[in-house]
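Read through the structure below, which is laid out as structure tokens, and then see the notes.
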Amino acid sequence: MALSSAEDTSALLADDIADIEFPPSDLLSDEPPLETDFHRDQIDLLIRLLKWWWREREDFYVSGNLTIYYNERQLKSRDFRGPDFFVVLGTQKKDRKSWIVWHEEGQYPNVIVEILSDKTAVVDKGLKKQLYQDTFRTPEYFWFDPVSLGFKGFHLQNGQYEEIAPTQEGRLWSRQLELYLGVHERKLRLFTADNILIPSPEERVEEMEQTIERLREQLRSQGIEPES
């Protein structure tokens with residue numbers, strides 16, 4: 001049976017769509033190596049802290065030094081943008097090879113942190129800040145200088161980044177994370193809404209060991225030798 005005119009048109013459109021090469025959805029991250037051990041350790045620390053603090057949540061993605069692919073032109077120009085640390089809310093908690101915006105329902109990061117260096121500071125404070133404001137529309141952007149300990153944060157207001165006012169302790173409130181960010185022992189750390197430092201896994205182990213040792217000392221003072 002011959003196809004109707006409408007069916008002919010639909011068939012042609014289907015053929016045309018099938019021939020279109022859509023942007024790929026399986027891209028590896030393409031970031032340069034991190035500049036220093038500190039940069040690697042700082043990024044890893046922030047990731048581990050947030051994963052532990054939100055260990056019962058399944059609605060976020062946190063990563064660092066991972067390429068964010070956001071349009072086809074970027075692919076052709078090889079102009080990649082991989083934040084040092086970023087968090088996406090309202091998404092599936094799973095491992096990824098990169099963050100591909102068109103494969104993630106158009107989602108961009110909710111929070112970005114850049115760790116400055118002599119080599120990247122100008123770009124992080126200029127070009128990247130502009131990109132995160134105008135293209136990513138990322139609600140919160142922070143940068144941290146591990147040498148000078150300079151630390152600033154911005155939240156998006158009416159399409160423009162406005163600086164976040166620090167607390168007396170110099171910490172900055174993140175509405176997106178509902179946590180404070182602040183410098184502690186020359187590293188950027190996370191603090192609860194009550195301004196309590198969120199401990200790292202190593203610090204938690206150390207606290208437990210100290211607690212156990214105090215209990216042992218109490219037993220010894222009572223003439224009881226604790227088991228080893």
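Each chain in the structure tokens gets a letter, A, B, ..., in the order shown, and its residues are numbered from 1; ligands are numbered from 1 in order too.
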
**Request:** Just the alpha helix (DSSP H) stuff from region 18-113 of chain A, please, per backbone DSSP, written as a ChimeraX atom specification.
**Result:** /A:18-19,37-53,72-77

**Message:** Need to verify the contact set: region 186-191 of chain A, 10 Å, only C-alpha atoms, exclusion of same-chain residues closer than 2 positions in sequence. Can you return it as a ChimeraX atom specification?
**Reply:** /A:38,41-43,45-46,49-50,53,113,115,143-149,151,171-174,177-184,193-200

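Separating CA of Gly223 (chain A) from CA of Val205 (chain A) is a distance of 27.2 Å.
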
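Around Lys119 (chain A), within 12 Å and counting only C-alpha atoms, the residues found are A:Leu34, A:Glu35, A:Thr36, A:Ile115, A:Leu116, A:Ser117, A:Ala121, A:Val122, A:Val123, A:Asp124, A:Lys125, A:Asp145, once anything fewer than 2 positions away on its own chain is removed.
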
Write the residues you've just listed into a file as an mmCIF file, in the first residue's frame, and include C-alpha atoms for each of them.
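Contents of the output file result_16.cif:
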```cif
data_model
loop_
_atom_site.group_PDB
_atom_site.id
_atom_site.type_symbol
_atom_site.label_atom_id
_atom_site.label_comp_id
_atom_site.auth_asym_id
_atom_site.auth_seq_id
_atom_site.Cartn_x
_atom_site.Cartn_y
_atom_site.Cartn_z
ATOM 1 C CA LEU A 34 47.883 18.696 38.713
ATOM 2 C CA GLU A 35 50.710 21.119 39.398
ATOM 3 C CA THR A 36 51.673 20.112 42.938
ATOM 4 C CA ILE A 115 42.817 26.094 43.925
ATOM 5 C CA LEU A 116 44.980 28.956 42.683
ATOM 6 C CA SER A 117 48.599 28.799 41.588
ATOM 7 C CA ALA A 121 45.413 32.482 39.152
ATOM 8 C CA VAL A 122 44.779 34.986 36.346
ATOM 9 C CA VAL A 123 42.586 32.537 34.416
ATOM 10 C CA ASP A 124 40.761 31.309 37.533
ATOM 11 C CA LYS A 125 39.938 34.868 38.615
ATOM 12 C CA ASP A 145 45.292 30.448 47.306
#
```

**Message:** Let's see if you can do this: from backbone DSSP, list all strand (DSSP E) residues in region 87-176 of chain A, as a PyMOL selection string.
**Reply:** chain A and resi 87-89+99-100+111-115+140-144+151-157+160-163+172-174
